[in-house]
>>> print(open('upload-v4.cif').read())   # mmCIF, C-alpha atoms
data_structure
#
loop_
_atom_site.label_atom_id
_atom_site.label_comp_id
_atom_site.auth_asym_id
_atom_site.auth_seq_id
_atom_site.Cartn_x
_atom_site.Cartn_y
_atom_site.Cartn_z
CA MET A 485 -52.02 -77.71 81.09
CA SER A 486 -49.56 -80.25 82.45
CA ASP A 487 -46.62 -78.33 81.03
CA HIS A 488 -44.54 -78.88 84.13
CA ALA A 489 -40.87 -79.69 83.66
CA VAL A 490 -40.99 -83.30 84.80
CA ALA A 491 -37.78 -84.76 86.20
CA ARG A 492 -39.10 -88.28 86.51
CA VAL A 493 -42.16 -90.39 85.70
CA LEU A 494 -43.25 -92.90 88.31
CA ASP A 495 -45.52 -95.66 87.02
CA LEU A 496 -47.71 -96.95 89.86
CA LYS A 497 -50.53 -98.30 87.72
CA GLY A 498 -52.31 -101.31 89.18
CA LEU A 499 -51.08 -100.69 92.72
CA PRO A 500 -53.83 -100.20 95.30
CA CYS A 501 -53.78 -98.48 98.71
CA PRO A 502 -51.40 -98.00 100.52
CA MET A 503 -48.79 -98.61 97.79
CA PRO A 504 -48.99 -95.32 95.83
CA VAL A 505 -48.32 -93.21 98.91
CA VAL A 506 -45.64 -95.61 100.16
CA LYS A 507 -43.91 -95.48 96.76
CA ILE A 508 -43.97 -91.69 96.46
CA SER A 509 -42.53 -91.39 99.98
CA GLN A 510 -39.70 -93.73 98.96
CA GLU A 511 -39.08 -92.10 95.58
CA ILE A 512 -39.46 -88.39 96.32
CA GLY A 513 -35.83 -88.31 97.41
CA SER A 514 -34.73 -89.44 93.94
CA VAL A 515 -35.33 -85.95 92.51
CA LYS A 516 -33.85 -82.66 93.65
CA VAL A 517 -35.72 -80.09 95.72
CA GLY A 518 -37.83 -78.06 93.32
CA GLU A 519 -38.10 -80.84 90.74
CA VAL A 520 -41.33 -82.55 89.74
CA ILE A 521 -42.30 -86.23 89.66
CA GLU A 522 -45.17 -87.24 87.41
CA VAL A 523 -47.05 -90.15 88.98
CA HIS A 524 -49.32 -92.47 87.00
CA THR A 525 -51.79 -94.40 89.14
CA THR A 526 -55.05 -96.28 88.77
CA ASP A 527 -56.00 -96.00 92.44
CA PRO A 528 -58.85 -93.45 92.78
CA GLY A 529 -57.94 -92.96 96.46
CA SER A 530 -54.71 -91.34 95.30
CA LEU A 531 -56.68 -88.24 94.25
CA SER A 532 -57.20 -87.34 97.89
CA ASP A 533 -54.24 -89.26 99.34
CA PHE A 534 -51.50 -87.45 97.45
CA PRO A 535 -52.60 -83.96 98.50
CA ALA A 536 -52.92 -85.25 102.09
CA TRP A 537 -49.47 -86.82 101.90
CA ALA A 538 -48.00 -83.66 100.39
CA LYS A 539 -49.55 -81.44 103.04
CA THR A 540 -48.20 -83.63 105.84
CA THR A 541 -44.72 -84.10 104.42
CA GLY A 542 -44.30 -80.51 103.24
CA ASN A 543 -44.31 -81.17 99.50
CA GLU A 544 -46.71 -79.94 96.84
CA VAL A 545 -49.19 -81.45 94.41
CA LEU A 546 -49.16 -79.10 91.43
CA GLU A 547 -51.90 -80.74 89.43
CA THR A 548 -53.94 -83.89 89.02
CA ASP A 549 -55.72 -85.04 85.91
CA GLN A 550 -57.62 -88.09 84.77
CA GLY A 551 -58.06 -89.71 81.40
CA ASN A 552 -58.13 -93.18 79.85
CA GLY A 553 -58.48 -94.71 83.29
CA VAL A 554 -55.14 -93.31 84.43
CA ILE A 555 -54.73 -90.62 87.05
CA ARG A 556 -51.71 -88.34 86.63
CA ILE A 557 -50.39 -86.47 89.64
CA PHE A 558 -47.61 -83.91 89.47
CA VAL A 559 -45.69 -83.79 92.71
CA LYS A 560 -43.09 -81.12 93.40
CA ARG A 561 -40.42 -81.88 95.96
CA LEU A 562 -40.17 -78.93 98.35
CA LYS A 563 -37.90 -80.34 101.06
CA MET B 1042 -52.69 -38.22 146.60
CA THR B 1043 -49.17 -38.84 147.80
CA THR B 1044 -50.20 -42.21 149.24
CA ALA B 1045 -51.78 -43.13 145.92
CA VAL B 1046 -48.56 -42.33 144.10
CA GLN B 1047 -46.60 -44.45 146.55
CA THR B 1048 -48.83 -47.48 146.28
CA GLN B 1049 -49.00 -47.52 142.52
CA PRO B 1050 -45.42 -48.61 141.89
CA ASP B 1051 -45.96 -51.29 144.53
CA GLN B 1052 -48.98 -52.60 142.71
CA GLY B 1053 -47.04 -52.48 139.48
CA LEU B 1054 -44.33 -54.63 141.01
CA ASN B 1055 -46.92 -57.09 142.32
CA THR B 1056 -48.50 -57.47 138.90
CA MET B 1057 -45.10 -57.96 137.30
CA GLU B 1058 -44.34 -60.71 139.75
CA SER B 1059 -47.68 -62.42 139.30
CA VAL B 1060 -47.36 -62.20 135.53
CA GLN B 1061 -43.90 -63.72 135.73
CA ALA B 1062 -45.19 -66.49 138.00
CA GLU B 1063 -48.06 -67.17 135.64
CA LEU B 1064 -45.68 -67.22 132.70
CA ALA B 1065 -43.43 -69.73 134.45
CA GLU B 1066 -46.40 -71.94 135.22
CA LEU B 1067 -47.64 -71.78 131.63
CA LYS B 1068 -44.14 -72.57 130.34
CA GLN B 1069 -44.09 -75.65 132.52
CA ARG B 1070 -47.48 -76.79 131.28
CA VAL B 1071 -46.53 -76.32 127.63
CA GLU B 1072 -43.35 -78.30 128.19
CA ALA B 1073 -45.38 -81.10 129.76
CA LEU B 1074 -47.71 -81.11 126.75
CA GLU B 1075 -45.02 -80.97 124.09
CA PRO B 1076 -43.98 -84.63 124.22
CA GLY B 1077 -47.59 -85.50 123.26
CA GLN B 1078 -47.14 -83.52 120.07
CA GLN B 1079 -44.66 -85.85 118.42
CA ASN B 1080 -45.56 -86.85 114.90
CA LYS B 1081 -45.95 -90.43 115.95
CA LEU B 1082 -48.55 -93.21 115.81
CA SER B 1083 -48.83 -95.79 118.57
CA MET B 1084 -51.11 -98.67 117.72
CA ILE B 1085 -52.24 -101.67 119.74
CA VAL B 1086 -52.68 -104.72 117.55
CA PHE B 1087 -54.91 -106.83 119.76
CA SER B 1088 -57.31 -108.81 117.61
CA GLY B 1089 -55.00 -110.83 115.40
CA GLU B 1090 -57.62 -111.52 112.74
CA LEU B 1091 -56.87 -111.22 109.04
CA ASP B 1092 -59.08 -108.20 108.35
CA LYS B 1093 -57.87 -106.28 111.39
CA LEU B 1094 -54.23 -107.16 110.75
CA LEU B 1095 -54.57 -105.90 107.18
CA ALA B 1096 -56.08 -102.65 108.44
CA SER B 1097 -53.31 -102.31 111.05
CA MET B 1098 -50.51 -102.87 108.57
CA ILE B 1099 -52.01 -100.62 105.88
CA ILE B 1100 -52.41 -97.79 108.38
CA ALA B 1101 -48.91 -98.42 109.76
CA THR B 1102 -47.18 -98.38 106.37
CA GLY B 1103 -49.31 -95.44 105.25
CA ALA B 1104 -48.40 -93.47 108.38
CA ALA B 1105 -44.71 -94.25 107.92
CA ALA B 1106 -45.01 -93.01 104.32
CA MET B 1107 -46.52 -89.79 105.66
CA GLY B 1108 -43.32 -89.29 107.62
CA MET B 1109 -44.70 -90.42 110.97
CA LYS B 1110 -42.80 -92.58 113.42
CA VAL B 1111 -44.86 -95.73 113.91
CA VAL B 1112 -44.83 -98.16 116.82
CA LEU B 1113 -47.02 -101.28 116.80
CA PHE B 1114 -47.73 -103.12 120.04
CA PHE B 1115 -48.78 -106.69 119.45
CA THR B 1116 -50.71 -108.04 122.39
CA PHE B 1117 -53.09 -110.90 123.24
CA TRP B 1118 -54.47 -112.58 120.09
CA GLY B 1119 -52.27 -110.31 118.00
CA THR B 1120 -49.11 -112.09 119.19
CA ALA B 1121 -50.12 -115.31 117.39
CA ALA B 1122 -49.79 -113.44 114.09
CA LEU B 1123 -46.08 -113.01 114.82
CA ARG B 1124 -45.40 -116.74 115.10
CA LYS B 1125 -43.23 -118.49 112.57
CA PRO B 1126 -45.26 -120.87 110.41
CA ASP B 1127 -43.04 -123.87 111.02
CA ALA B 1128 -41.46 -123.45 114.44
CA ASN B 1129 -41.68 -126.48 116.68
CA VAL B 1130 -40.66 -125.48 120.16
CA GLY B 1131 -40.30 -128.04 122.88
CA GLY B 1132 -40.41 -127.73 126.65
CA LYS B 1133 -43.99 -126.48 126.89
CA ASP B 1134 -46.52 -127.48 129.54
CA LEU B 1135 -49.97 -128.81 128.65
CA MET B 1136 -51.71 -125.40 128.59
CA ALA B 1137 -48.98 -123.84 126.47
CA LYS B 1138 -49.16 -126.77 124.07
CA MET B 1139 -52.94 -126.33 123.79
CA PHE B 1140 -52.62 -122.61 123.07
CA GLY B 1141 -49.89 -123.34 120.59
CA TRP B 1142 -52.05 -125.90 118.88
CA MET B 1143 -55.28 -123.90 118.83
CA LEU B 1144 -53.95 -120.49 117.83
CA PRO B 1145 -52.86 -119.64 114.28
CA LYS B 1146 -49.24 -120.36 113.44
CA GLY B 1147 -48.40 -117.01 112.00
CA ARG B 1148 -49.96 -114.28 109.88
CA ASN B 1149 -50.79 -116.57 106.97
CA LYS B 1150 -52.97 -118.79 109.13
CA VAL B 1151 -55.20 -116.07 110.57
CA LYS B 1152 -58.90 -115.91 109.68
CA LEU B 1153 -61.43 -113.16 109.02
CA SER B 1154 -63.30 -111.78 112.04
CA LYS B 1155 -66.54 -111.87 110.02
CA MET B 1156 -67.78 -114.07 107.19
CA ASN B 1157 -65.07 -116.66 107.68
CA MET B 1158 -67.55 -119.45 106.85
CA GLY B 1159 -65.29 -122.27 107.89
CA GLY B 1160 -62.34 -120.75 106.06
CA MET B 1161 -64.19 -120.22 102.79
CA GLY B 1162 -64.57 -116.48 103.35
CA THR B 1163 -60.89 -116.09 104.18
CA ALA B 1164 -59.85 -118.04 101.08
CA MET B 1165 -62.19 -115.95 98.95
CA LEU B 1166 -60.83 -112.68 100.33
CA LYS B 1167 -57.26 -113.80 99.71
CA GLY B 1168 -58.17 -114.71 96.13
CA LEU B 1169 -59.83 -111.34 95.68
CA MET B 1170 -56.80 -109.51 97.09
CA LYS B 1171 -54.54 -111.33 94.66
CA LYS B 1172 -56.85 -110.45 91.76
CA LYS B 1173 -56.92 -106.79 92.78
CA ASN B 1174 -53.17 -106.78 93.36
CA ALA B 1175 -53.67 -105.71 96.99
CA PRO B 1176 -50.57 -106.23 99.16
CA SER B 1177 -50.59 -109.40 101.26
CA LEU B 1178 -49.66 -109.47 104.94
CA ASP B 1179 -46.22 -110.80 103.92
CA GLN B 1180 -45.67 -107.81 101.64
CA LEU B 1181 -47.02 -105.37 104.23
CA PHE B 1182 -44.69 -106.71 106.95
CA ASP B 1183 -41.71 -106.46 104.56
CA MET B 1184 -42.68 -102.92 103.67
CA ALA B 1185 -43.18 -101.98 107.33
CA ALA B 1186 -39.68 -103.24 108.10
CA GLN B 1187 -38.26 -101.20 105.20
CA LEU B 1188 -40.08 -98.08 106.35
CA GLY B 1189 -38.78 -98.43 109.90
CA VAL B 1190 -42.10 -99.32 111.53
CA GLU B 1191 -41.26 -100.65 115.00
CA ILE B 1192 -42.87 -103.76 116.44
CA LYS B 1193 -43.07 -104.36 120.18
CA VAL B 1194 -44.50 -107.54 121.62
CA CYS B 1195 -46.40 -107.81 124.90
CA GLU B 1196 -44.29 -109.96 127.16
CA MET B 1197 -47.23 -111.00 129.31
CA SER B 1198 -49.28 -112.26 126.35
CA MET B 1199 -46.29 -114.35 125.27
CA ASP B 1200 -46.04 -115.77 128.77
CA LEU B 1201 -49.80 -116.38 129.13
CA MET B 1202 -50.06 -118.27 125.87
CA GLY B 1203 -46.78 -120.03 126.38
CA PHE B 1204 -45.20 -118.62 123.22
CA LYS B 1205 -41.41 -118.77 123.20
CA ARG B 1206 -39.21 -116.19 121.53
CA GLU B 1207 -37.78 -118.86 119.23
CA GLU B 1208 -41.18 -119.23 117.56
CA ILE B 1209 -41.56 -115.51 116.83
CA ILE B 1210 -40.63 -114.16 113.38
CA ASP B 1211 -37.45 -112.22 112.71
CA TYR B 1212 -38.22 -108.52 112.41
CA PRO B 1213 -35.71 -105.69 112.70
CA ASN B 1214 -35.30 -104.40 116.26
CA MET B 1215 -38.31 -106.26 117.62
CA GLU B 1216 -38.61 -105.85 121.38
CA TYR B 1217 -40.52 -107.60 124.15
CA VAL B 1218 -42.13 -105.03 126.39
CA GLY B 1219 -44.73 -104.32 129.06
CA VAL B 1220 -47.59 -101.88 129.41
CA ALA B 1221 -45.38 -99.04 130.63
CA THR B 1222 -43.48 -99.02 127.36
CA PHE B 1223 -46.72 -98.73 125.42
CA LEU B 1224 -48.00 -95.93 127.67
CA ALA B 1225 -44.72 -94.02 127.39
CA HIS B 1226 -44.89 -94.20 123.59
CA ALA B 1227 -48.62 -93.43 123.51
CA GLY B 1228 -48.05 -90.42 125.77
CA GLU B 1229 -45.73 -88.78 123.25
CA SER B 1230 -47.79 -89.71 120.20
CA LYS B 1231 -50.26 -87.48 118.42
CA ASN B 1232 -52.19 -90.55 117.31
CA GLN B 1233 -53.13 -93.71 119.10
CA LEU B 1234 -55.17 -96.59 117.76
CA PHE B 1235 -56.48 -99.89 119.08
CA LEU B 1236 -57.29 -102.62 116.63
#
>>> encode(input="upload-v4.cif", output="structure tokens")
Amino acid sequence: MSDHAVARVLDLKGLPCPMPVVKISQEIGSVKVGEVIEVHTTDPGSLSDFPAWAKTTGNEVLETDQGNGVIRIFVKRLK
Amino acid sequence: MTTAVQTQPDQGLNTMESVQAELAELKQRVEALEPGQQNKLSMIVFSGELDKLLASMIIATGAAAMGMKVVLFFTFWGTAALRKPDANVGGKDLMAKMFGWMLPKGRNKVKLSKMNMGGMGTAMLKGLMKKKNAPSLDQLFDMAAQLGVEIKVCEMSMDLMGFKREEIIDYPNMEYVGVATFLAHAGESKNQLFL
């Protein structure tokens, strides 16, 4: 579990809607196509927002997990 | 029998022609529909109250993050939210002065549409937003500009309320437009909203 090769960790803890999605859209270009960003967020809306964002923008959410009040989302850049 | 054989190719030709005509018509209709399929959001920002402005700007920045082109049309009460807080523009007639005096001077002076309670509700919400680290209107406008969200302002509202362009905030590529511009944008947008 969570053994993805992570190219970058993006700490978005404490940022509420719409910031997490805005930040990932700005930062996804910082990794290469095929690489993975690991996002840390405390916004529960991100659990549904990241898959929706990924679907619309043509990227992929590989996995989400929760623990210690932090949500981790693994986003793979596909384009 | 011979007549039947002779008429069949004729009928075949007729069907080919009608199919081709139908195809051409369908092609035309699809082309007419295609502009409406752009991945674009056109939003009318009419109300100009704090809660509705927050909703507008959160949706706008969110949509831009989703890769959509976003165009906001500020009209009627919404235009007051675009005023500079400290602009003092001269040369206004009495009505324009009254509008200028009674309407909020910019986005940081707007009130809640509900539970304002003489300004107490608005102050409480702003305090709560700060505590929860929610982006303020200032931050949302900055972000919208960074994300390429376009703002268009209704020329007629400006004129009606006597607002001058000098008292409107600086925002990248802001334009003053009429209803046709909104309708043209809305016509090619998948999503349209009115707030």
>>> resolve_selection(input="upload-v4.cif", expression="the PyMOL selection byres ((chain A) within 7 of (chain B))", output="number ranges by chain")
A: 498-500, 502, 505-506, 509, 537, 540-541
>>> resolve_selection(input="upload-v4.cif", expression="the PyMOL selection byres ((chain B and resi 1145) around 10)", output="list of chain:residue names")
B:Gly1089, B:Glu1090, B:Trp1118, B:Thr1120, B:Ala1121, B:Ala1122, B:Leu1123, B:Arg1124, B:Lys1125, B:Pro1126, B:Phe1140, B:Gly1141, B:Trp1142, B:Met1143, B:Leu1144, B:Lys1146, B:Gly1147, B:Arg1148, B:Asn1149, B:Lys1150, B:Val1151, B:Lys1152
>>> write_last_selection(input="upload-v4.cif", atoms="C-alpha atoms", output="compact mmCIF listing (two decimals), in the coordinates of the input")
# COMPACT_ATOMS: atom_id res chain seq x y z
CA GLY B 1089 -55.00 -110.83 115.40
CA GLU B 1090 -57.62 -111.52 112.74
CA TRP B 1118 -54.47 -112.58 120.09
CA THR B 1120 -49.11 -112.09 119.19
CA ALA B 1121 -50.12 -115.31 117.39
CA ALA B 1122 -49.79 -113.44 114.09
CA LEU B 1123 -46.08 -113.01 114.82
CA ARG B 1124 -45.40 -116.74 115.10
CA LYS B 1125 -43.23 -118.49 112.57
CA PRO B 1126 -45.26 -120.87 110.41
CA PHE B 1140 -52.62 -122.61 123.07
CA GLY B 1141 -49.89 -123.34 120.59
CA TRP B 1142 -52.05 -125.90 118.88
CA MET B 1143 -55.28 -123.90 118.83
CA LEU B 1144 -53.95 -120.49 117.83
CA LYS B 1146 -49.24 -120.36 113.44
CA GLY B 1147 -48.40 -117.01 112.00
CA ARG B 1148 -49.96 -114.28 109.88
CA ASN B 1149 -50.79 -116.57 106.97
CA LYS B 1150 -52.97 -118.79 109.13
CA VAL B 1151 -55.20 -116.07 110.57
CA LYS B 1152 -58.90 -115.91 109.68
>>> residues_near_point(input="upload-v4.cif", point="(-62.7, -111.8, 110.3)", cutoff="8 Å", atoms="all atoms listed in the file", output="NGL selection string")
:B and (1090-1093 or 1152-1157 or 1163)
>>> closest_residue(input="upload-v4.cif", among="B:Ala1164, B:Leu1236, B:Ala1221, B:Val1130", to="Gly1203 of chain B", atoms="all atoms listed in the file")
B:Val1130
>>> atom_distance(input="upload-v4.cif", atom1="atom CA of Val493 of chain A", atom2="atom CA of Asp533 of chain A")
18.3 Å
>>> closest_residue(input="upload-v4.cif", among="B:Gly1162, B:Phe1114, B:Met1215, B:Leu1094", to="Leu1178 of chain B", atoms="only C-alpha atoms")
B:Leu1094
>>> resolve_selection(input="upload-v4.cif", expression="the PyMOL selection byres ((chain B and resi 1223) around 10)", output="PyMOL selection string")
chain B and resi 1083-1085+1112-1114+1193-1195+1218-1222+1224-1228
>>> residues_around(input="upload-v4.cif", residues="Glu511 of chain A", least_positions_apart="4", cutoff="10 Å", atoms="only C-alpha atoms", output="VMD selection string")
chain A and resid 492 494 505 to 507 515 521
>>> residues_around(input="upload-v4.cif", residues="Thr526 of chain A", least_positions_apart="3", cutoff="9 Å", atoms="all atoms listed in the file", output="list in words")
Leu496, Lys497, Gly498, Leu499, Pro500, Gly529, Ser530, Gly553, Val554, Ile555 and Arg556 of chain A
>>> atom_distance(input="upload-v4.cif", atom1="atom CA of Ile1192 of chain B", atom2="atom CA of Lys1167 of chain B")
24.2 Å
>>> atom_distance(input="upload-v4.cif", atom1="atom CA of Phe1117 of chain B", atom2="atom CA of Leu1201 of chain B")
8.7 Å
>>> axis_aligned_box(input="upload-v4.cif", around="segment 1065-1081 of chain B", padding_each_side="8 Å", output="AutoDock Vina command-line options")
--center_x -45.5 --center_y -80.1 --center_z 125.1 --size_x 20.4 --size_y 36.7 --size_z 36.3
>>> closest_residue(input="upload-v4.cif", among="A:Ile508, A:Leu562, A:Ala536, A:Val523", to="Thr548 of chain A", atoms="only C-alpha atoms")
A:Val523
>>> closest_residue(input="upload-v4.cif", among="A:Pro528, A:Ala491, A:Leu546, A:Phe558", to="Ser514 of chain A", atoms="all atoms listed in the file")
A:Ala491
>>> closest_residue(input="upload-v4.cif", among="A:Lys516, A:His488, A:His524, A:Lys539", to="Lys563 of chain A", atoms="all atoms listed in the file")
A:Lys516
>>> build_atoms(input="upload-v4.cif", residues="segment 485-504 of chain A", atoms="N, CA, C and O atoms", output="compact mmCIF listing (two decimals), in the frame of the given file")
# COMPACT_ATOMS: atom_id res chain seq x y z
N MET A 485 -51.72 -76.68 80.10
CA MET A 485 -52.02 -77.71 81.09
C MET A 485 -50.95 -78.80 81.07
O MET A 485 -50.50 -79.22 80.01
N SER A 486 -50.56 -79.19 82.27
CA SER A 486 -49.56 -80.25 82.45
C SER A 486 -48.24 -79.95 81.77
O SER A 486 -47.58 -80.84 81.28
N ASP A 487 -47.88 -78.66 81.69
CA ASP A 487 -46.62 -78.33 81.03
C ASP A 487 -45.50 -78.15 82.07
O ASP A 487 -44.63 -77.32 81.92
N HIS A 488 -45.59 -78.96 83.12
CA HIS A 488 -44.54 -78.88 84.13
C HIS A 488 -43.28 -79.57 83.61
O HIS A 488 -43.36 -80.55 82.89
N ALA A 489 -42.14 -79.03 84.00
CA ALA A 489 -40.87 -79.69 83.66
C ALA A 489 -40.73 -80.92 84.57
O ALA A 489 -40.48 -80.79 85.76
N VAL A 490 -40.96 -82.08 83.99
CA VAL A 490 -40.99 -83.30 84.80
C VAL A 490 -39.60 -83.94 84.84
O VAL A 490 -39.01 -84.22 83.80
N ALA A 491 -39.11 -84.17 86.05
CA ALA A 491 -37.78 -84.76 86.20
C ALA A 491 -37.85 -86.28 86.10
O ALA A 491 -36.91 -86.93 85.68
N ARG A 492 -39.00 -86.83 86.47
CA ARG A 492 -39.10 -88.28 86.51
C ARG A 492 -40.56 -88.72 86.43
O ARG A 492 -41.44 -88.05 86.98
N VAL A 493 -40.81 -89.82 85.73
CA VAL A 493 -42.16 -90.39 85.70
C VAL A 493 -42.17 -91.65 86.53
O VAL A 493 -41.29 -92.51 86.38
N LEU A 494 -43.15 -91.75 87.42
CA LEU A 494 -43.25 -92.90 88.31
C LEU A 494 -44.53 -93.66 87.96
O LEU A 494 -45.63 -93.14 88.13
N ASP A 495 -44.36 -94.87 87.44
CA ASP A 495 -45.52 -95.66 87.02
C ASP A 495 -46.00 -96.54 88.16
O ASP A 495 -45.36 -97.52 88.51
N LEU A 496 -47.16 -96.17 88.75
CA LEU A 496 -47.71 -96.95 89.86
C LEU A 496 -49.05 -97.56 89.47
O LEU A 496 -49.87 -97.86 90.34
N LYS A 497 -49.24 -97.76 88.18
CA LYS A 497 -50.53 -98.30 87.72
C LYS A 497 -50.74 -99.71 88.25
O LYS A 497 -49.82 -100.52 88.29
N GLY A 498 -51.97 -99.98 88.69
CA GLY A 498 -52.31 -101.31 89.18
C GLY A 498 -52.02 -101.51 90.66
O GLY A 498 -52.37 -102.54 91.22
N LEU A 499 -51.37 -100.55 91.29
CA LEU A 499 -51.08 -100.69 92.72
C LEU A 499 -52.17 -100.04 93.56
O LEU A 499 -52.43 -98.85 93.40
N PRO A 500 -52.80 -100.80 94.46
CA PRO A 500 -53.83 -100.20 95.30
C PRO A 500 -53.25 -99.63 96.61
O PRO A 500 -52.06 -99.74 96.85
N CYS A 501 -54.12 -99.03 97.40
CA CYS A 501 -53.78 -98.48 98.71
C CYS A 501 -53.10 -99.55 99.56
O CYS A 501 -53.57 -100.68 99.56
N PRO A 502 -52.05 -99.30 100.28
CA PRO A 502 -51.40 -98.00 100.52
C PRO A 502 -50.18 -97.79 99.62
O PRO A 502 -49.39 -96.89 99.86
N MET A 503 -50.04 -98.61 98.57
CA MET A 503 -48.79 -98.61 97.79
C MET A 503 -48.43 -97.27 97.13
O MET A 503 -47.27 -96.87 97.18
N PRO A 504 -49.39 -96.57 96.50
CA PRO A 504 -48.99 -95.32 95.83
C PRO A 504 -48.31 -94.33 96.78
O PRO A 504 -47.27 -93.75 96.44
